[in-house]
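Dropping start.cif in here (mmCIF, C-alpha atoms):
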```cif
data_run
loop_
_atom_site.label_atom_id
_atom_site.label_comp_id
_atom_site.auth_asym_id
_atom_site.auth_seq_id
_atom_site.Cartn_x
_atom_site.Cartn_y
_atom_site.Cartn_z
CA MET A 1 35.45 -44.29 -357.56
CA ASN A 2 32.57 -42.79 -355.56
CA ASN A 3 30.18 -43.17 -358.45
CA THR A 4 30.89 -46.84 -358.98
CA ALA A 5 30.59 -47.46 -355.26
CA THR A 6 27.10 -45.98 -355.35
CA VAL A 7 26.19 -48.23 -358.25
CA ALA A 8 27.45 -51.25 -356.38
CA ALA A 9 25.36 -50.40 -353.39
CA THR A 10 22.16 -50.65 -355.44
CA PRO A 11 22.80 -53.47 -357.88
CA LEU A 12 19.26 -54.82 -357.94
CA ASN A 13 17.53 -51.63 -358.92
CA PRO A 14 18.31 -50.87 -362.57
CA THR A 15 16.48 -47.52 -362.50
CA LEU A 16 18.96 -46.25 -359.94
CA ALA A 17 22.04 -47.53 -361.81
CA ALA A 18 24.25 -45.05 -363.61
CA SER A 19 23.47 -44.50 -367.28
CA GLY A 20 25.57 -43.63 -370.30
CA TRP A 21 29.19 -44.74 -370.56
CA ARG A 22 29.56 -44.97 -366.81
CA GLY A 23 26.61 -47.32 -366.67
CA LEU A 24 27.95 -49.40 -369.54
CA ILE A 25 31.25 -49.89 -367.76
CA ALA A 26 29.56 -50.59 -364.44
CA ASP A 27 27.23 -53.16 -366.02
CA TRP A 28 29.92 -54.96 -367.98
CA SER A 29 32.35 -55.15 -365.10
CA SER A 30 29.55 -55.79 -362.58
CA ASP A 31 31.68 -53.50 -360.47
CA ARG A 32 34.17 -56.29 -360.02
CA GLN A 33 37.85 -56.36 -360.73
CA ALA A 34 39.29 -59.41 -362.46
CA PHE A 35 42.94 -58.45 -362.13
CA HIS A 36 44.10 -57.26 -358.74
CA VAL A 37 46.67 -54.87 -360.13
CA SER A 38 46.39 -51.20 -361.05
CA TRP A 39 44.61 -50.48 -364.33
CA GLY A 40 47.83 -49.11 -365.81
CA LYS A 41 49.68 -52.35 -365.23
CA ALA A 42 46.79 -54.48 -366.51
CA MET A 43 46.52 -52.36 -369.67
CA MET A 44 50.26 -52.50 -370.28
CA TRP A 45 50.12 -56.30 -370.05
CA ILE A 46 47.21 -56.43 -372.48
CA PHE A 47 49.05 -54.11 -374.87
CA LEU A 48 52.13 -56.34 -374.64
CA LEU A 49 49.94 -59.36 -375.38
CA SER A 50 48.71 -57.68 -378.57
CA ASP A 51 52.29 -56.76 -379.46
CA THR A 52 53.26 -60.39 -378.98
CA PHE A 53 50.82 -61.28 -381.73
CA VAL A 54 52.22 -58.59 -384.04
CA PHE A 55 55.80 -59.78 -383.70
CA SER A 56 54.74 -63.43 -383.90
CA CYS A 57 53.00 -62.71 -387.20
CA PHE A 58 56.22 -61.18 -388.56
CA LEU A 59 58.30 -64.12 -387.39
CA THR A 60 55.78 -66.63 -388.75
CA GLY A 61 55.80 -64.80 -392.08
CA TYR A 62 59.60 -64.97 -392.07
CA MET A 63 59.43 -68.72 -391.38
CA THR A 64 56.97 -69.15 -394.27
CA VAL A 65 59.12 -67.38 -396.88
CA ARG A 66 62.29 -69.06 -395.65
CA VAL A 67 60.81 -72.55 -395.81
CA SER A 68 59.11 -72.04 -399.17
CA THR A 69 61.98 -70.47 -401.15
CA THR A 70 63.93 -72.70 -403.50
CA VAL A 71 66.92 -70.33 -403.51
CA PRO A 72 69.47 -70.84 -400.69
CA TRP A 73 68.96 -68.53 -397.71
CA PRO A 74 71.93 -66.17 -397.08
CA ASN A 75 73.99 -67.40 -394.11
CA PRO A 76 73.37 -64.82 -391.33
CA SER A 77 76.55 -65.91 -389.62
CA GLU A 78 78.55 -64.63 -392.61
CA VAL A 79 76.30 -61.72 -393.58
CA PHE A 80 76.53 -60.19 -390.11
CA ALA A 81 80.22 -60.94 -389.55
CA LEU A 82 82.52 -58.08 -388.65
CA HIS A 83 86.07 -57.79 -389.94
CA VAL A 84 88.15 -57.22 -386.81
CA ALA A 85 91.94 -57.47 -386.57
CA GLY A 86 92.30 -59.23 -389.90
CA ALA A 87 89.69 -61.91 -389.22
CA ASP A 88 85.97 -62.23 -389.82
CA ILE A 89 84.22 -62.75 -386.51
CA PRO A 90 80.71 -64.13 -387.06
CA LEU A 91 77.74 -62.20 -385.67
CA LEU A 92 80.02 -60.01 -383.55
CA LEU A 93 77.91 -56.85 -383.75
CA ILE A 94 74.70 -58.78 -383.08
CA ALA A 95 76.26 -60.41 -380.00
CA ILE A 96 77.30 -57.00 -378.65
CA MET A 97 73.80 -55.63 -379.34
CA THR A 98 72.34 -58.57 -377.41
CA PHE A 99 74.54 -57.91 -374.40
CA VAL A 100 73.73 -54.19 -374.50
CA LEU A 101 70.00 -54.88 -374.49
CA ILE A 102 70.26 -57.44 -371.68
CA SER A 103 72.29 -54.97 -369.63
CA SER A 104 69.62 -52.34 -370.18
CA SER A 105 67.05 -54.82 -368.86
CA GLY A 106 69.20 -55.35 -365.77
CA THR A 107 69.47 -51.62 -365.04
CA MET A 108 65.72 -51.26 -365.66
CA ALA A 109 64.91 -53.98 -363.12
CA MET A 110 67.08 -52.13 -360.59
CA ALA A 111 65.33 -48.84 -361.40
CA VAL A 112 61.99 -50.46 -360.55
CA ASN A 113 63.45 -51.69 -357.27
CA PHE A 114 64.66 -48.19 -356.33
CA ALA A 115 61.32 -46.67 -357.33
CA TYR A 116 59.49 -48.86 -354.84
CA ARG A 117 61.95 -47.85 -352.16
CA ARG A 118 60.92 -44.28 -353.04
CA ASP A 119 64.50 -43.46 -353.97
CA ARG A 120 63.59 -41.37 -356.99
CA VAL A 121 67.06 -40.02 -357.78
CA ASN A 122 68.57 -43.49 -358.14
CA ALA A 123 65.49 -44.76 -359.96
CA ALA A 124 65.59 -41.92 -362.49
CA THR A 125 69.36 -42.27 -362.92
CA LEU A 126 69.05 -45.98 -363.67
CA MET A 127 66.22 -45.27 -366.11
CA ILE A 128 68.41 -42.78 -367.93
CA VAL A 129 71.21 -45.39 -368.03
CA THR A 130 68.67 -47.87 -369.45
CA ALA A 131 67.53 -45.40 -372.10
CA THR A 132 71.16 -44.68 -373.00
CA PHE A 133 71.80 -48.39 -373.52
CA GLY A 134 68.70 -48.35 -375.72
CA GLU A 135 70.12 -45.48 -377.78
CA LEU A 136 73.39 -47.35 -378.10
CA PHE A 137 71.46 -50.36 -379.39
CA VAL A 138 69.57 -48.29 -381.96
CA GLY A 139 72.85 -46.66 -383.00
CA MET A 140 74.46 -50.04 -383.63
CA GLN A 141 71.38 -51.11 -385.53
CA ALA A 142 71.66 -48.02 -387.74
CA PHE A 143 75.30 -48.98 -388.39
CA GLU A 144 74.24 -52.53 -389.26
CA TRP A 145 71.53 -51.32 -391.63
CA SER A 146 73.90 -48.88 -393.37
CA LYS A 147 76.51 -51.62 -393.80
CA LEU A 148 73.94 -53.99 -395.24
CA ILE A 149 72.37 -51.45 -397.57
CA LEU A 150 75.48 -49.62 -398.76
CA HIS A 151 78.18 -52.31 -398.76
CA GLU A 152 76.35 -55.61 -399.12
CA GLY A 153 73.65 -54.34 -401.47
CA VAL A 154 70.76 -55.83 -399.51
CA ARG A 155 67.36 -54.52 -400.60
CA PRO A 156 63.84 -55.54 -399.57
CA TRP A 157 63.38 -57.04 -403.05
CA GLY A 158 66.72 -58.80 -403.44
CA ASN A 159 70.35 -59.21 -402.45
CA PRO A 160 73.54 -60.66 -403.95
CA MET A 161 73.82 -63.48 -401.36
CA GLY A 162 70.73 -65.58 -402.01
CA ALA A 163 66.99 -65.66 -401.45
CA ALA A 164 65.33 -62.32 -402.20
CA GLN A 165 63.02 -62.63 -399.18
CA PHE A 166 66.00 -62.23 -396.83
CA GLY A 167 65.98 -58.43 -397.16
CA SER A 168 62.26 -57.89 -396.69
CA ALA A 169 62.13 -60.17 -393.63
CA PHE A 170 65.22 -58.55 -392.14
CA PHE A 171 64.14 -54.93 -392.63
CA MET A 172 60.58 -55.58 -391.49
CA ILE A 173 61.43 -57.49 -388.31
CA THR A 174 64.48 -55.59 -387.09
CA GLY A 175 62.98 -52.28 -388.22
CA PHE A 176 59.81 -52.82 -386.23
CA HIS A 177 61.85 -53.90 -383.22
CA GLY A 178 64.11 -50.85 -383.58
CA LEU A 179 61.02 -48.61 -383.63
CA HIS A 180 59.91 -50.23 -380.38
CA VAL A 181 63.31 -49.58 -378.80
CA SER A 182 63.23 -45.95 -379.97
CA ALA A 183 59.73 -45.45 -378.58
CA GLY A 184 60.87 -47.07 -375.33
CA VAL A 185 63.80 -44.65 -375.07
CA VAL A 186 61.43 -41.69 -375.39
CA PHE A 187 59.03 -43.29 -372.88
CA LEU A 188 61.83 -43.91 -370.35
CA PHE A 189 63.26 -40.40 -370.66
CA THR A 190 59.77 -38.92 -370.17
CA VAL A 191 59.06 -40.98 -367.05
CA ALA A 192 62.54 -40.34 -365.62
CA PHE A 193 62.10 -36.60 -366.18
CA LYS A 194 58.69 -36.55 -364.50
CA LEU A 195 60.03 -38.66 -361.65
CA ILE A 196 62.83 -36.17 -360.97
CA ARG A 197 60.42 -33.24 -361.27
CA GLY A 198 58.27 -34.79 -358.57
CA ASP A 199 55.13 -35.32 -360.64
CA TYR A 200 54.45 -38.65 -358.97
CA ASP A 201 54.97 -37.39 -355.41
CA LYS A 202 51.47 -35.87 -355.24
CA LYS A 203 49.87 -39.29 -355.29
CA GLY A 204 52.92 -40.96 -353.80
CA ASN A 205 52.66 -43.72 -356.42
CA TYR A 206 55.78 -44.68 -358.37
CA GLN A 207 54.23 -47.67 -360.14
CA ILE A 208 54.64 -45.98 -363.52
CA VAL A 209 58.31 -47.00 -363.29
CA GLU A 210 57.34 -50.67 -363.10
CA ILE A 211 54.89 -50.23 -366.00
CA ALA A 212 57.58 -48.58 -368.14
CA GLY A 213 59.85 -51.42 -367.07
CA LEU A 214 57.35 -54.00 -368.35
CA TYR A 215 57.47 -52.40 -371.78
CA TRP A 216 61.26 -52.27 -371.76
CA HIS A 217 61.66 -55.91 -370.71
CA PHE A 218 59.23 -56.87 -373.45
CA VAL A 219 61.43 -55.18 -376.05
CA ASP A 220 64.35 -57.23 -374.71
CA LEU A 221 62.16 -60.34 -374.81
CA VAL A 222 61.32 -59.80 -378.48
CA TRP A 223 65.03 -59.43 -379.25
CA VAL A 224 65.67 -62.85 -377.63
CA PHE A 225 63.33 -64.39 -380.20
CA ILE A 226 64.68 -62.36 -383.15
CA PHE A 227 68.27 -63.22 -382.17
CA ALA A 228 67.47 -66.93 -381.98
CA LEU A 229 65.16 -67.31 -384.95
CA PHE A 230 66.58 -64.83 -387.44
CA TYR A 231 70.29 -64.45 -386.67
CA LEU A 232 71.20 -67.87 -385.28
CA TRP A 233 68.87 -70.22 -387.19
CA MET B 1 52.89 -58.91 -350.58
CA ASN B 2 50.26 -56.39 -351.52
CA PRO B 3 49.80 -56.49 -355.30
CA ASP B 4 48.32 -53.01 -355.36
CA THR B 5 51.44 -51.34 -354.09
CA GLY B 6 53.69 -53.17 -356.49
CA GLN B 7 56.51 -55.59 -356.15
CA GLN B 8 59.75 -55.45 -354.31
CA HIS B 9 62.49 -58.01 -354.54
CA PRO B 10 66.13 -57.90 -353.50
CA ILE B 11 68.50 -56.34 -356.03
CA GLY B 12 70.74 -59.39 -355.66
CA LEU B 13 68.08 -61.48 -357.37
CA TYR B 14 68.06 -59.16 -360.40
CA LEU B 15 71.85 -59.24 -360.58
CA LYS B 16 71.85 -63.05 -360.55
CA ILE B 17 69.28 -63.18 -363.36
CA TRP B 18 71.28 -60.59 -365.28
CA GLY B 19 74.38 -62.79 -364.95
CA LEU B 20 72.42 -65.87 -365.98
CA LEU B 21 71.10 -64.06 -369.08
CA PHE B 22 74.68 -63.13 -370.00
CA VAL B 23 75.78 -66.75 -369.67
CA LEU B 24 72.83 -68.02 -371.74
CA SER B 25 73.43 -65.38 -374.45
CA THR B 26 77.09 -66.33 -374.60
CA MET B 27 76.15 -69.98 -374.97
CA SER B 28 73.69 -69.29 -377.76
CA TYR B 29 76.36 -67.19 -379.50
CA LEU B 30 78.82 -70.09 -379.14
CA VAL B 31 76.32 -72.36 -380.92
CA ASP B 32 76.97 -70.24 -383.99
CA TYR B 33 80.67 -69.70 -383.28
CA PHE B 34 81.40 -73.44 -383.16
CA HIS B 35 79.28 -74.10 -386.27
CA PHE B 36 76.91 -76.66 -384.79
CA HIS B 37 74.60 -78.02 -387.45
CA GLY B 38 71.26 -79.70 -387.91
CA TYR B 39 69.04 -80.80 -385.08
CA LEU B 40 71.71 -80.19 -382.42
CA ARG B 41 71.95 -76.54 -383.47
CA TRP B 42 68.17 -76.00 -383.65
CA THR B 43 67.55 -77.72 -380.32
CA LEU B 44 70.22 -75.68 -378.53
CA ILE B 45 68.96 -72.41 -380.05
CA ILE B 46 65.37 -73.12 -378.98
CA VAL B 47 66.38 -74.26 -375.47
CA PHE B 48 68.53 -71.19 -374.78
CA MET B 49 65.85 -68.91 -376.27
CA LEU B 50 63.09 -70.34 -374.08
CA LEU B 51 65.27 -70.24 -370.96
CA LYS B 52 66.10 -66.58 -371.55
CA ALA B 53 62.49 -65.70 -372.32
CA GLY B 54 61.34 -67.52 -369.18
CA LEU B 55 63.80 -65.69 -366.95
CA ILE B 56 62.86 -62.28 -368.39
CA VAL B 57 59.11 -62.85 -368.11
CA SER B 58 59.09 -64.54 -364.71
CA VAL B 59 61.64 -62.44 -362.82
CA PHE B 60 62.23 -59.14 -364.64
CA MET B 61 58.56 -58.75 -365.53
CA HIS B 62 57.50 -60.19 -362.13
CA MET B 63 55.17 -62.76 -363.67
CA ALA B 64 56.28 -65.33 -361.07
CA TRP B 65 54.66 -63.27 -358.31
CA GLU B 66 51.46 -62.19 -360.09
CA ARG B 67 48.11 -63.81 -359.43
CA LEU B 68 47.12 -66.68 -361.70
CA SER B 69 44.22 -64.73 -363.23
CA LEU B 70 46.69 -62.30 -364.81
CA VAL B 71 49.29 -64.97 -365.62
CA TYR B 72 46.80 -67.10 -367.56
CA ALA B 73 45.19 -64.10 -369.28
CA ILE B 74 48.61 -63.15 -370.70
CA LEU B 75 50.34 -66.50 -371.24
CA VAL B 76 47.54 -68.71 -372.58
CA PRO B 77 46.39 -66.67 -375.65
CA PRO B 78 49.85 -66.80 -377.32
CA LEU B 79 49.49 -70.59 -377.44
CA CYS B 80 47.08 -69.98 -380.36
CA LEU B 81 50.18 -68.85 -382.24
CA LEU B 82 51.44 -72.42 -382.22
CA VAL B 83 48.45 -73.29 -384.40
CA LEU B 84 49.35 -70.44 -386.77
CA VAL B 85 52.97 -71.62 -386.92
CA TRP B 86 51.85 -75.18 -387.60
CA LEU B 87 49.44 -74.10 -390.37
CA MET B 88 52.01 -71.84 -392.02
CA ALA B 89 54.74 -74.49 -391.81
CA ALA B 90 52.44 -76.93 -393.66
CA GLU B 91 51.55 -74.23 -396.18
CA ALA B 92 55.19 -73.26 -396.73
CA GLY B 93 56.20 -76.89 -397.21
CA HIS B 94 53.49 -77.30 -399.81
CA THR B 95 54.58 -74.12 -401.62
CA PHE B 96 58.17 -75.38 -401.64
CA LEU B 97 57.19 -78.73 -403.15
CA THR B 98 55.04 -77.01 -405.78
CA ARG B 99 57.88 -74.69 -406.74
CA MET B 100 60.28 -77.62 -406.99
CA ALA B 101 57.81 -79.53 -409.16
CA PHE B 102 56.99 -76.72 -411.59
CA PHE B 103 59.89 -74.28 -411.63
CA HIS B 104 62.93 -76.51 -411.33
#
```
Encoded form using structure tokens:
Amino acid sequence: MNNTATVAATPLNPTLAASGWRGLIADWSSDRQAFHVSWGKAMMWIFLLSDTFVFSCFLTGYMTVRVSTTVPWPNPSEVFALHVAGADIPLLLIAIMTFVLISSSGTMAMAVNFAYRRDRVNAATLMIVTATFGELFVGMQAFEWSKLILHEGVRPWGNPMGAAQFGSAFFMITGFHGLHVSAGVVFLFTVAFKLIRGDYDKKGNYQIVEIAGLYWHFVDLVWVFIFALFYLW
Amino acid sequence: MNPDTGQQHPIGLYLKIWGLLFVLSTMSYLVDYFHFHGYLRWTLIIVFMLLKAGLIVSVFMHMAWERLSLVYAILVPPLCLLVLVWLMAAEAGHTFLTRMAFFH
């Protein structure tokens, strides 16, 4: 910070400005800050923006193959039905997964709240609860994948129910989302562990909890779109 | 509120949004459960999806309280995706018609 302050003090004299990478950054930013948030939060938002484009490309690709196929698309309502108590309940597992992920978002929001009150035990506990919900979600997804692969015979190149593109779209989209959830679980456990250990007390800044929360809510957000466009459509 | 020190909102607000998300998810599930079809089904799915997404982004991700410079930097670029969706929908429709004409 001291170096950039020195650069700012002498903006009109280029010979005195910092050189190298520091100079490049100082020149390009003109020592001004566009976003009045911490760099960590700004970078997380920009990462999430890029991730939005990745998932949107997958969903657009799914739309393209679904519209263009001449073979009937398998009915997700029936494909993802669970046989409970002698009746097929449509989309039951997916509905439960949705509620689990929304609940994890709720506990995450509360963890952020506790972190800003500097209540690190409650914040870390709620983060661990959130991560556990995330694990539960991934577990149910593993069950869903196994059922589809082993019992329904769904493959990325074909399936007995209809259009061959169903499998590739399903595995690509839900697989990439599941990877995001798994990465989020690891991220949350790491931050919760460091929070308990007191790593953030030196600077007295608990904003990392909010940044981790942004990522987690984004994963929930993506699921909202997958649930609507893939499972319900 | 000082944006540098982060955001603090009452827990009650989060609980209300949580409840609202549960209600909206239940309603979108019921769209499938009651076998709605056609434009009614698609409209309801899109409406519930956008409401849920809006609640998550604005309250859980605190976008409602961020400065406009950040809000626009994050929310405007995805609008380009609407162009992509439009182009690909036209392309997919064309592919479908070609397949129907030559392979059926």
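Summary of the local environment: counting all atoms listed in the file, residues at most 9 Å from segment 133-135 of chain A, other than itself and those fewer than 2 positions away along its chain, are Val100, Leu101, Ser103, Ser104, Ile128, Val129, Thr130, Ala131, Phe137, Val138, Gly139, Met140, Val181, Ser182, Gly184 and Val185 of chain A.
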Per residue of chain B within 9 Å of chain A, what are the shortest atom pair and its distance in Å to one decimal, counting only C-alpha atoms, with rows by chain and residue number, as JSON lines?
```
{"residue": "B:Pro3", "atom": "CA", "partner": "A:Val37", "partner_atom": "CA", "distance": 6.0}
{"residue": "B:Asp4", "atom": "CA", "partner": "A:Val37", "partner_atom": "CA", "distance": 5.4}
{"residue": "B:Thr5", "atom": "CA", "partner": "A:Gln207", "partner_atom": "CA", "distance": 7.6}
{"residue": "B:Gly6", "atom": "CA", "partner": "A:Gln207", "partner_atom": "CA", "distance": 6.6}
{"residue": "B:Gln7", "atom": "CA", "partner": "A:Tyr116", "partner_atom": "CA", "distance": 7.5}
{"residue": "B:Gln8", "atom": "CA", "partner": "A:Asn113", "partner_atom": "CA", "distance": 6.0}
{"residue": "B:His9", "atom": "CA", "partner": "A:Asn113", "partner_atom": "CA", "distance": 7.0}
{"residue": "B:Pro10", "atom": "CA", "partner": "A:Asn113", "partner_atom": "CA", "distance": 7.7}
{"residue": "B:Ile11", "atom": "CA", "partner": "A:Met110", "partner_atom": "CA", "distance": 6.4}
{"residue": "B:Tyr14", "atom": "CA", "partner": "A:Ala109", "partner_atom": "CA", "distance": 6.6}
{"residue": "B:Leu15", "atom": "CA", "partner": "A:Gly106", "partner_atom": "CA", "distance": 7.0}
{"residue": "B:Ile17", "atom": "CA", "partner": "A:Gly106", "partner_atom": "CA", "distance": 8.2}
{"residue": "B:Trp18", "atom": "CA", "partner": "A:Gly106", "partner_atom": "CA", "distance": 5.7}
{"residue": "B:Leu21", "atom": "CA", "partner": "A:Ile102", "partner_atom": "CA", "distance": 7.2}
{"residue": "B:Phe22", "atom": "CA", "partner": "A:Phe99", "partner_atom": "CA", "distance": 6.8}
{"residue": "B:Ser25", "atom": "CA", "partner": "A:Thr98", "partner_atom": "CA", "distance": 7.5}
{"residue": "B:Thr26", "atom": "CA", "partner": "A:Ala95", "partner_atom": "CA", "distance": 8.1}
{"residue": "B:Ser28", "atom": "CA", "partner": "A:Ala228", "partner_atom": "CA", "distance": 7.9}
{"residue": "B:Tyr29", "atom": "CA", "partner": "A:Ala95", "partner_atom": "CA", "distance": 6.8}
{"residue": "B:Val31", "atom": "CA", "partner": "A:Leu232", "partner_atom": "CA", "distance": 8.1}
{"residue": "B:Asp32", "atom": "CA", "partner": "A:Leu232", "partner_atom": "CA", "distance": 6.4}
{"residue": "B:Tyr33", "atom": "CA", "partner": "A:Pro90", "partner_atom": "CA", "distance": 6.7}
{"residue": "B:Arg41", "atom": "CA", "partner": "A:Trp233", "partner_atom": "CA", "distance": 8.0}
{"residue": "B:Trp42", "atom": "CA", "partner": "A:Trp233", "partner_atom": "CA", "distance": 6.8}
{"residue": "B:Ile45", "atom": "CA", "partner": "A:Ala228", "partner_atom": "CA", "distance": 6.0}
{"residue": "B:Ile46", "atom": "CA", "partner": "A:Ala228", "partner_atom": "CA", "distance": 7.2}
{"residue": "B:Phe48", "atom": "CA", "partner": "A:Ala228", "partner_atom": "CA", "distance": 8.4}
{"residue": "B:Met49", "atom": "CA", "partner": "A:Val224", "partner_atom": "CA", "distance": 6.2}
{"residue": "B:Leu50", "atom": "CA", "partner": "A:Phe225", "partner_atom": "CA", "distance": 8.5}
{"residue": "B:Lys52", "atom": "CA", "partner": "A:Val224", "partner_atom": "CA", "distance": 7.1}
{"residue": "B:Ala53", "atom": "CA", "partner": "A:Leu221", "partner_atom": "CA", "distance": 5.9}
{"residue": "B:Ile56", "atom": "CA", "partner": "A:Leu221", "partner_atom": "CA", "distance": 6.7}
{"residue": "B:Val57", "atom": "CA", "partner": "A:Leu221", "partner_atom": "CA", "distance": 7.8}
{"residue": "B:Phe60", "atom": "CA", "partner": "A:Ala109", "partner_atom": "CA", "distance": 6.0}
{"residue": "B:Met61", "atom": "CA", "partner": "A:Leu214", "partner_atom": "CA", "distance": 5.7}
{"residue": "B:His62", "atom": "CA", "partner": "A:Leu214", "partner_atom": "CA", "distance": 8.8}
{"residue": "B:Glu66", "atom": "CA", "partner": "A:Val37", "partner_atom": "CA", "distance": 8.7}
{"residue": "B:Arg67", "atom": "CA", "partner": "A:His36", "partner_atom": "CA", "distance": 7.7}
{"residue": "B:Ser69", "atom": "CA", "partner": "A:Phe35", "partner_atom": "CA", "distance": 6.5}
{"residue": "B:Leu70", "atom": "CA", "partner": "A:Phe35", "partner_atom": "CA", "distance": 6.0}
{"residue": "B:Ala73", "atom": "CA", "partner": "A:Ile46", "partner_atom": "CA", "distance": 8.6}
{"residue": "B:Ile74", "atom": "CA", "partner": "A:Leu49", "partner_atom": "CA", "distance": 6.2}
{"residue": "B:Leu75", "atom": "CA", "partner": "A:Leu49", "partner_atom": "CA", "distance": 8.3}
{"residue": "B:Pro77", "atom": "CA", "partner": "A:Leu49", "partner_atom": "CA", "distance": 8.1}
{"residue": "B:Pro78", "atom": "CA", "partner": "A:Phe53", "partner_atom": "CA", "distance": 7.1}
{"residue": "B:Leu81", "atom": "CA", "partner": "A:Ser56", "partner_atom": "CA", "distance": 7.3}
{"residue": "B:Leu84", "atom": "CA", "partner": "A:Thr60", "partner_atom": "CA", "distance": 7.7}
{"residue": "B:Val85", "atom": "CA", "partner": "A:Thr60", "partner_atom": "CA", "distance": 6.0}
{"residue": "B:Met88", "atom": "CA", "partner": "A:Thr64", "partner_atom": "CA", "distance": 6.1}
{"residue": "B:Ala89", "atom": "CA", "partner": "A:Thr64", "partner_atom": "CA", "distance": 6.3}
{"residue": "B:Glu91", "atom": "CA", "partner": "A:Thr64", "partner_atom": "CA", "distance": 7.7}
{"residue": "B:Ala92", "atom": "CA", "partner": "A:Ser68", "partner_atom": "CA", "distance": 4.8}
{"residue": "B:Gly93", "atom": "CA", "partner": "A:Ser68", "partner_atom": "CA", "distance": 6.0}
{"residue": "B:His94", "atom": "CA", "partner": "A:Ser68", "partner_atom": "CA", "distance": 7.7}
{"residue": "B:Thr95", "atom": "CA", "partner": "A:Ser68", "partner_atom": "CA", "distance": 5.6}
{"residue": "B:Phe96", "atom": "CA", "partner": "A:Ser68", "partner_atom": "CA", "distance": 4.3}
{"residue": "B:Leu97", "atom": "CA", "partner": "A:Ser68", "partner_atom": "CA", "distance": 8.0}
{"residue": "B:Arg99", "atom": "CA", "partner": "A:Thr70", "partner_atom": "CA", "distance": 7.1}
{"residue": "B:Met100", "atom": "CA", "partner": "A:Thr70", "partner_atom": "CA", "distance": 7.1}
{"residue": "B:His104", "atom": "CA", "partner": "A:Thr70", "partner_atom": "CA", "distance": 8.8}
```
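The gap separating atom CA of Phe171 of chain A from atom CA of Phe187 of chain A is 23.5 Å, in Å to one decimal.
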note - atom CA of Val209 of chain A and atom CA of Leu179 of chain A are separated by 20.6 Å
